[in-house]
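Participant: To be precise about what I am sending: the file is called model.txt and holds compact mmCIF, C-alpha atoms and all ligand atoms.
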```txt
# COMPACT_ATOMS: atom_id res chain seq x y z
CA MET A 1 121.96 140.98 10.29
CA GLU A 2 124.05 137.88 9.92
CA LYS A 3 127.65 138.24 8.74
CA LEU A 4 127.65 138.19 4.96
CA GLN A 5 130.88 137.88 3.01
CA LEU A 6 132.11 137.20 -0.49
CA ILE A 7 135.01 134.78 -0.72
CA PRO A 8 136.82 133.44 -3.80
CA ALA A 9 135.18 130.35 -5.33
CA THR A 10 137.62 127.41 -5.53
CA LEU A 11 137.54 123.74 -6.48
CA ASP A 12 136.38 123.12 -2.90
CA HIS A 13 133.02 124.53 -4.03
CA LEU A 14 132.74 122.28 -7.10
CA SER A 15 130.08 119.88 -5.82
CA LEU A 16 128.11 122.69 -4.22
CA LEU A 17 128.02 124.72 -7.45
CA ARG A 18 126.95 121.61 -9.41
CA HIS A 19 124.23 120.98 -6.83
CA TRP A 20 123.00 124.58 -7.11
CA ASP A 21 123.00 124.28 -10.94
CA GLU A 22 120.32 121.59 -10.59
CA GLN A 23 117.98 123.64 -8.39
CA PRO A 24 114.80 124.55 -10.30
CA HIS A 25 115.02 128.28 -9.46
CA VAL A 26 118.64 128.41 -10.70
CA LEU A 27 117.88 126.37 -13.84
CA ALA A 28 114.93 128.62 -14.66
CA SER A 29 117.19 131.67 -14.64
CA ASP A 30 119.97 130.11 -16.72
CA PRO A 31 118.80 127.01 -18.59
CA ASN A 32 121.33 126.96 -21.43
CA ASP A 33 124.77 127.59 -19.95
CA ASP A 34 127.37 125.05 -18.91
CA TRP A 35 129.64 126.85 -16.47
CA GLU A 36 132.32 124.10 -16.76
CA TRP A 37 133.10 124.49 -13.07
CA GLU A 38 135.82 121.82 -13.03
CA ILE A 39 137.79 123.89 -15.57
CA GLU A 40 136.87 127.41 -14.50
CA LEU A 41 137.35 127.01 -10.74
CA ALA A 42 140.90 125.87 -11.43
CA ARG A 43 141.89 129.10 -13.16
CA ASN A 44 141.93 132.73 -12.27
CA PRO A 45 141.92 135.05 -15.30
CA SER A 46 142.56 138.74 -14.63
CA TRP A 47 139.21 139.80 -16.17
CA ARG A 48 137.05 137.75 -13.75
CA GLU A 49 136.15 137.14 -10.13
CA GLN A 50 134.08 134.11 -9.14
CA LEU A 51 132.83 134.49 -5.58
CA ILE A 52 130.83 132.52 -3.06
CA ALA A 53 128.47 134.42 -0.77
CA GLU A 54 128.54 133.11 2.78
CA VAL A 55 126.16 133.90 5.62
CA ASP A 56 127.74 133.20 8.98
CA GLY A 57 130.19 130.91 7.20
CA LYS A 58 127.50 128.99 5.29
CA PRO A 59 127.73 129.22 1.47
CA ILE A 60 124.39 130.30 0.02
CA GLY A 61 125.06 131.80 -3.39
CA PHE A 62 127.39 132.69 -6.23
CA VAL A 63 128.50 135.95 -7.84
CA GLN A 64 130.60 136.42 -10.94
CA ILE A 65 132.06 139.78 -11.91
CA ILE A 66 133.74 140.15 -15.29
CA ASP A 67 135.26 142.87 -17.40
CA PRO A 68 133.15 142.25 -20.51
CA ALA A 69 135.63 143.92 -22.86
CA ASP A 70 138.42 141.56 -21.79
CA GLU A 71 136.37 138.39 -21.23
CA GLU A 72 137.87 135.90 -23.66
CA SER A 73 134.75 134.46 -25.32
CA HIS A 74 133.50 138.01 -26.04
CA TYR A 75 130.08 136.97 -24.79
CA TRP A 76 129.01 140.64 -24.68
CA GLY A 77 130.39 141.41 -28.15
CA GLU A 78 132.09 144.72 -28.76
CA VAL A 79 131.70 146.74 -25.56
CA PRO A 80 133.65 149.73 -24.34
CA ALA A 81 136.32 149.54 -21.66
CA ASN A 82 135.58 150.30 -18.00
CA LEU A 83 132.39 148.27 -17.63
CA ARG A 84 131.70 145.33 -15.38
CA ALA A 85 129.08 142.59 -15.83
CA ILE A 86 127.61 140.63 -12.92
CA ASP A 87 125.93 137.23 -12.64
CA ILE A 88 124.29 136.29 -9.35
CA TRP A 89 122.22 133.53 -7.89
CA ILE A 90 121.20 132.26 -4.49
CA GLY A 91 121.79 128.51 -4.65
CA GLU A 92 119.96 127.50 -1.50
CA ALA A 93 116.22 127.69 -2.17
CA ASP A 94 115.39 128.28 1.49
CA CYS A 95 117.51 131.45 1.41
CA LEU A 96 115.49 133.14 -1.37
CA GLY A 97 113.39 136.22 -0.76
CA GLN A 98 114.91 137.25 2.59
CA GLY A 99 116.88 140.26 1.46
CA LEU A 100 120.14 138.34 1.15
CA GLY A 101 120.36 138.77 -2.64
CA THR A 102 119.94 142.54 -2.25
CA HIS A 103 122.70 142.62 0.33
CA ILE A 104 125.02 140.47 -1.80
CA MET A 105 124.30 142.57 -4.89
CA ARG A 106 125.09 145.79 -3.02
CA MET A 107 128.43 144.29 -2.00
CA ALA A 108 129.13 143.20 -5.58
CA ILE A 109 128.23 146.66 -6.93
CA GLU A 110 130.51 148.36 -4.39
CA ARG A 111 133.25 145.94 -5.35
CA CYS A 112 132.89 146.93 -9.02
CA PHE A 113 132.83 150.68 -8.35
CA ALA A 114 135.79 150.44 -5.96
CA ALA A 115 137.88 150.56 -9.14
CA PRO A 116 137.74 154.27 -9.99
CA GLU A 117 137.79 153.70 -13.74
CA VAL A 118 134.60 151.60 -13.73
CA GLY A 119 131.73 153.72 -15.03
CA ALA A 120 128.82 151.27 -15.22
CA ILE A 121 127.64 147.72 -14.55
CA ILE A 122 125.63 145.63 -17.01
CA ILE A 123 123.40 142.60 -16.40
CA ASP A 124 121.52 140.25 -18.73
CA PRO A 125 118.52 138.57 -17.05
CA LEU A 126 116.27 136.42 -19.23
CA SER A 127 113.26 138.34 -20.57
CA SER A 128 111.10 135.77 -18.76
CA ASN A 129 112.73 136.43 -15.36
CA THR A 130 110.46 139.31 -14.41
CA ARG A 131 111.15 138.87 -10.68
CA ALA A 132 114.85 139.41 -11.35
CA HIS A 133 113.97 142.53 -13.40
CA ARG A 134 112.20 143.98 -10.37
CA PHE A 135 115.13 143.01 -8.16
CA TYR A 136 117.60 144.89 -10.40
CA GLU A 137 115.29 147.88 -10.88
CA ARG A 138 115.00 148.31 -7.11
CA LEU A 139 118.80 148.48 -6.99
CA GLY A 140 118.77 151.29 -9.57
CA PHE A 141 119.46 149.35 -12.76
CA VAL A 142 117.77 150.73 -15.87
CA ALA A 143 116.55 148.54 -18.76
CA ILE A 144 118.52 149.28 -21.93
CA GLY A 145 116.58 146.90 -24.16
CA PRO A 146 116.17 143.35 -25.39
CA ARG A 147 119.10 141.33 -26.65
CA GLN A 148 119.52 137.72 -27.73
CA PHE A 149 122.56 135.85 -26.38
CA GLY A 150 122.74 132.47 -28.13
CA GLU A 151 119.43 130.78 -27.34
CA ASP A 152 118.63 133.19 -24.53
CA LYS A 153 116.26 136.12 -24.96
CA CYS A 154 117.43 138.66 -22.42
CA ILE A 155 116.89 142.23 -21.28
CA VAL A 156 120.09 144.18 -20.78
CA TYR A 157 120.14 146.39 -17.69
CA ARG A 158 122.71 149.03 -16.75
CA LEU A 159 123.65 150.85 -13.56
CA ASP A 160 125.80 153.95 -13.95
CA ARG A 161 128.21 154.95 -11.20
CA ALA A 162 126.56 158.37 -10.83
CA ASN A 163 123.10 156.79 -10.31
CA TRP A 164 124.45 154.41 -7.71
CA ARG A 165 126.30 157.13 -5.82
CA ALA A 166 123.26 159.43 -5.98
CA GLN A 167 121.11 156.72 -4.38
CA ARG A 168 123.67 156.20 -1.63
CA LYS A 169 123.63 159.84 -0.48
C1 LIG A 201 117.50 137.21 -8.00
C2 LIG A 201 118.03 136.83 -6.60
C3 LIG A 201 119.57 136.86 -6.59
C4 LIG A 201 117.50 137.83 -5.59
O1 LIG A 201 117.94 137.45 -4.31
P1 LIG A 201 116.87 137.28 -3.09
O2 LIG A 201 117.63 137.15 -1.84
O3 LIG A 201 115.93 136.18 -3.44
O4 LIG A 201 116.09 138.66 -3.21
P2 LIG A 201 115.70 139.71 -2.06
O5 LIG A 201 115.04 139.00 -0.94
O6 LIG A 201 116.87 140.57 -1.75
O7 LIG A 201 114.64 140.57 -2.87
C5 LIG A 201 113.39 139.98 -3.22
C6 LIG A 201 113.22 140.06 -4.69
O8 LIG A 201 114.11 139.17 -5.36
C7 LIG A 201 113.47 138.69 -6.54
N1 LIG A 201 113.31 137.25 -6.41
C8 LIG A 201 112.90 136.52 -5.34
N2 LIG A 201 112.88 135.21 -5.64
C9 LIG A 201 113.26 135.11 -6.94
C10 LIG A 201 113.44 134.01 -7.82
N3 LIG A 201 113.20 132.75 -7.46
N4 LIG A 201 113.86 134.28 -9.06
C11 LIG A 201 114.12 135.54 -9.47
N5 LIG A 201 113.96 136.63 -8.66
C12 LIG A 201 113.53 136.40 -7.41
C13 LIG A 201 112.13 139.38 -6.61
O9 LIG A 201 112.29 140.62 -7.28
C14 LIG A 201 111.85 139.64 -5.17
O10 LIG A 201 110.94 140.68 -5.00
P3 LIG A 201 109.37 140.32 -5.05
O11 LIG A 201 109.15 139.39 -3.91
O12 LIG A 201 108.74 141.64 -4.90
O13 LIG A 201 109.09 139.64 -6.36
C15 LIG A 201 117.54 135.40 -6.17
O14 LIG A 201 116.13 135.44 -6.05
C16 LIG A 201 117.93 134.31 -7.13
O15 LIG A 201 119.04 133.81 -7.04
N6 LIG A 201 117.00 133.93 -8.01
C17 LIG A 201 117.21 132.81 -8.90
C18 LIG A 201 118.33 133.05 -9.87
C19 LIG A 201 118.17 134.35 -10.61
O16 LIG A 201 117.09 134.68 -11.09
N7 LIG A 201 119.28 135.08 -10.70
C20 LIG A 201 119.34 136.29 -11.50
C21 LIG A 201 119.68 135.93 -12.88
S1 LIG A 201 119.87 137.34 -13.90
```
Output the file's structure as structure tokens, nothing else.
Ligand SMILES: CC(C)(COP(=O)(O)OP(=O)(O)OC[C@H]1O[C@@H](n2cnc3c(N)ncnc32)[C@H](O)[C@@H]1OP(=O)(O)O)[C@@H](O)C(=O)NCCC(=O)NCCS
Facilitator:
Amino acid sequence: MEKLQLIPATLDHLSLLRHWDEQPHVLASDPNDDWEWEIELARNPSWREQLIAEVDGKPIGFVQIIDPADEESHYWGEVPANLRAIDIWIGEADCLGQGLGTHIMRMAIERCFAAPEVGAIIIDPLSSNTRAHRFYERLGFVAIGPRQFGEDKCIVYRLDRANWRAQRK
């Protein structure tokens, strides 16, 4: 396989991230959020990593990992310590459906569980994004139930460390 790596997102990626935001497959998965890239790429809070996925040096997608208990808007509400939450998308439409998202997600999951205190990862795909549900289920995520975030009707999914490690044996 090609060389896949996650590198920190910076202001150098601003126009690319804005371009990806306009792609129909990205919009469909996240129609209501303004990521305020020009502000967020310029800062580096301790509770967050914003990463660009590159294949052979070409940026193809974005991953965000947060500690939802510390995240400052409290998007996830009251959640226990020692969780992580992930957002992911492939920006380049011609890179969809080739296994790259699975590979990137495995790297992101390993990155989360590299911190020994992290017990589980949570995700909030839209209820309508049934293809993403299948994607997460194949990785071992389990549906916890529906939840409304602002205007978005979502299904919360969770992957426990023990489940992930058991799969990897
Ligand atoms: C979800 C996503 C990261 C998966 O990455 P990928 O490289 O396309 O996926 P893989 O090739 O590793 O695996 C294929 C599976 O991904 C999912 N997938 C493929 N294209 C998708 C799309 N446009 N939207 C949502 N999920 C998609 C499906 O489950 C697919 O399996 P299927 O063909 O049996 O339906 C990627 O498709 C994507 O960025 N989709 C749009 C944004 C999105 O939905 N992000 C998740 C928000 S919670």
Participant: Given a cut-off of 6 Å, what residues near ligand LIG 201 (chain A) show up using all atoms listed in the file, put as a PyMOL selection string?
Facilitator: chain A and resi 25-26+29+88-90+96-102+124-125+131-132+134-135
Participant: Within 10 Å of Leu16 (chain A), counting only C-alpha atoms, which residues show up once you throw out same-chain ones fewer than 6 positions away? Write them as a PyMOL selection string, please.
Facilitator: chain A and resi 59-61+91-92
Participant: Please, what distance in Å, to one decimal, runs between CA of Arg111 (chain A) and CA of Val63 (chain A)?
Facilitator: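 Calculated distance between CA of Arg111 (chain A) and CA of Val63 (chain A) is 11.3 Å.
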Participant: For Ala108 (chain A), work out the shell of residues within 9 Å, counting only C-alpha atoms and skipping chain neighbours fewer than 5 positions away, then give it as JSON, numbers by chain.
Facilitator: {"A": [6, 63, 64, 65, 86, 103, 113]}
Participant: Find the residues near Ala166 (chain A): any atom within 12 Å, counting all atoms listed in the file, skip ones fewer than 6 places away on the same chain, and give them as a PyMOL selection string.
Facilitator: chain A and resi 139-140+159-160
Participant: With 8 Å of padding per side, what axis-aligned box (centre and edge lengths, Å, one decimal) covers all the listed atoms of region 105-117 of chain A? Give it as AutoDock Vina command-line options.
Facilitator:
```
--center_x 131.1 --center_y 148.4 --center_z -7.9 --size_x 29.6 --size_y 27.7 --size_z 27.7
```
Participant: Please return as an NGL selection string every residue within 9 Å of (127.1, 145.2, -13.5), taking into account only C-alpha atoms and the file's own coordinates.
Facilitator: :A and (65-66 or 83-87 or 108-109 or 112 or 120-123 or 141 or 157-160)
Participant: Could you save the residues just selected, with C-alpha atoms, as an mmCIF file, in the frame of the given file?
Facilitator:
```cif
data_model
loop_
_atom_site.group_PDB
_atom_site.id
_atom_site.type_symbol
_atom_site.label_atom_id
_atom_site.label_comp_id
_atom_site.auth_asym_id
_atom_site.auth_seq_id
_atom_site.Cartn_x
_atom_site.Cartn_y
_atom_site.Cartn_z
ATOM 1 C CA ILE A 65 132.060 139.780 -11.910
ATOM 2 C CA ILE A 66 133.740 140.150 -15.290
ATOM 3 C CA LEU A 83 132.390 148.270 -17.630
ATOM 4 C CA ARG A 84 131.700 145.330 -15.380
ATOM 5 C CA ALA A 85 129.080 142.590 -15.830
ATOM 6 C CA ILE A 86 127.610 140.630 -12.920
ATOM 7 C CA ASP A 87 125.930 137.230 -12.640
ATOM 8 C CA ALA A 108 129.130 143.200 -5.580
ATOM 9 C CA ILE A 109 128.230 146.660 -6.930
ATOM 10 C CA CYS A 112 132.890 146.930 -9.020
ATOM 11 C CA ALA A 120 128.820 151.270 -15.220
ATOM 12 C CA ILE A 121 127.640 147.720 -14.550
ATOM 13 C CA ILE A 122 125.630 145.630 -17.010
ATOM 14 C CA ILE A 123 123.400 142.600 -16.400
ATOM 15 C CA PHE A 141 119.460 149.350 -12.760
ATOM 16 C CA TYR A 157 120.140 146.390 -17.690
ATOM 17 C CA ARG A 158 122.710 149.030 -16.750
ATOM 18 C CA LEU A 159 123.650 150.850 -13.560
ATOM 19 C CA ASP A 160 125.800 153.950 -13.950
#
```
Participant: When you draw a straight line from CA of Ser128 (chain A) to CA of Glu49 (chain A), how long is it in Å?
Facilitator: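 Value for the CA of Ser128 (chain A)-CA of Glu49 (chain A) distance: 26.5 Å.
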Participant: From the options A:Ala115, A:Glu40, A:Ala93, A:Arg165, which residue's atoms come nearest to Leu27 (chain A), counting all atoms listed in the file?
Facilitator: A:Ala93
Participant: Rounded to one decimal, what separation in Å do you get between CA of Glu72 (chain A) and CA of Ala53 (chain A)?
Facilitator: 24.8 Å
Participant: Please determine, counting only C-alpha atoms, which residue among A:Glu137, A:Asp33, A:Glu117, A:Glu110 has the shortest atom-to-atom distance to Gly150 (chain A).
Facilitator: A:Asp33
Participant: Looking at only C-alpha atoms, which of A:Thr10, A:Asn163, A:Ser127, A:Gln50 is the one that sits closest to Val142 (chain A)?
Facilitator: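 The answer is A:Asn163, which sits nearest to Val142 (chain A).
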Participant: Go through A:Glu22, A:Asp30, A:Arg138, A:Gly57 and flag the residue nearest Cys154 (chain A), using only C-alpha atoms for the distances.
Facilitator: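 Using only C-alpha atoms, Cys154 (chain A) sits closest to A:Asp30.
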Participant: Which is closest to Ile39 (chain A) among A:Asp21, A:Pro80, A:Leu11, A:Val55, if we use only C-alpha atoms?
Facilitator: A:Leu11
Participant: For Tyr136 (chain A), which residue among A:Met105, A:Pro8, A:Arg168, A:Gly119 is the nearest when counting all atoms listed in the file?
Facilitator: A:Met105
Participant: Neighbouring residues of Arg18 (chain A) were defined as those with any atom within 10 Å, considering all atoms listed in the file; residues of the same chain fewer than 3 positions away were excluded. Please report them as number ranges by chain.
Facilitator: A: 13-15, 21-23, 35-38, 91
Participant: Counting all atoms listed in the file, which residues sit no farther than 9 Å from the position (136.2, 148.4, -21.6) in the file's frame? I'd like them as a PyMOL selection string.
Facilitator: chain A and resi 67-70+79-84+118
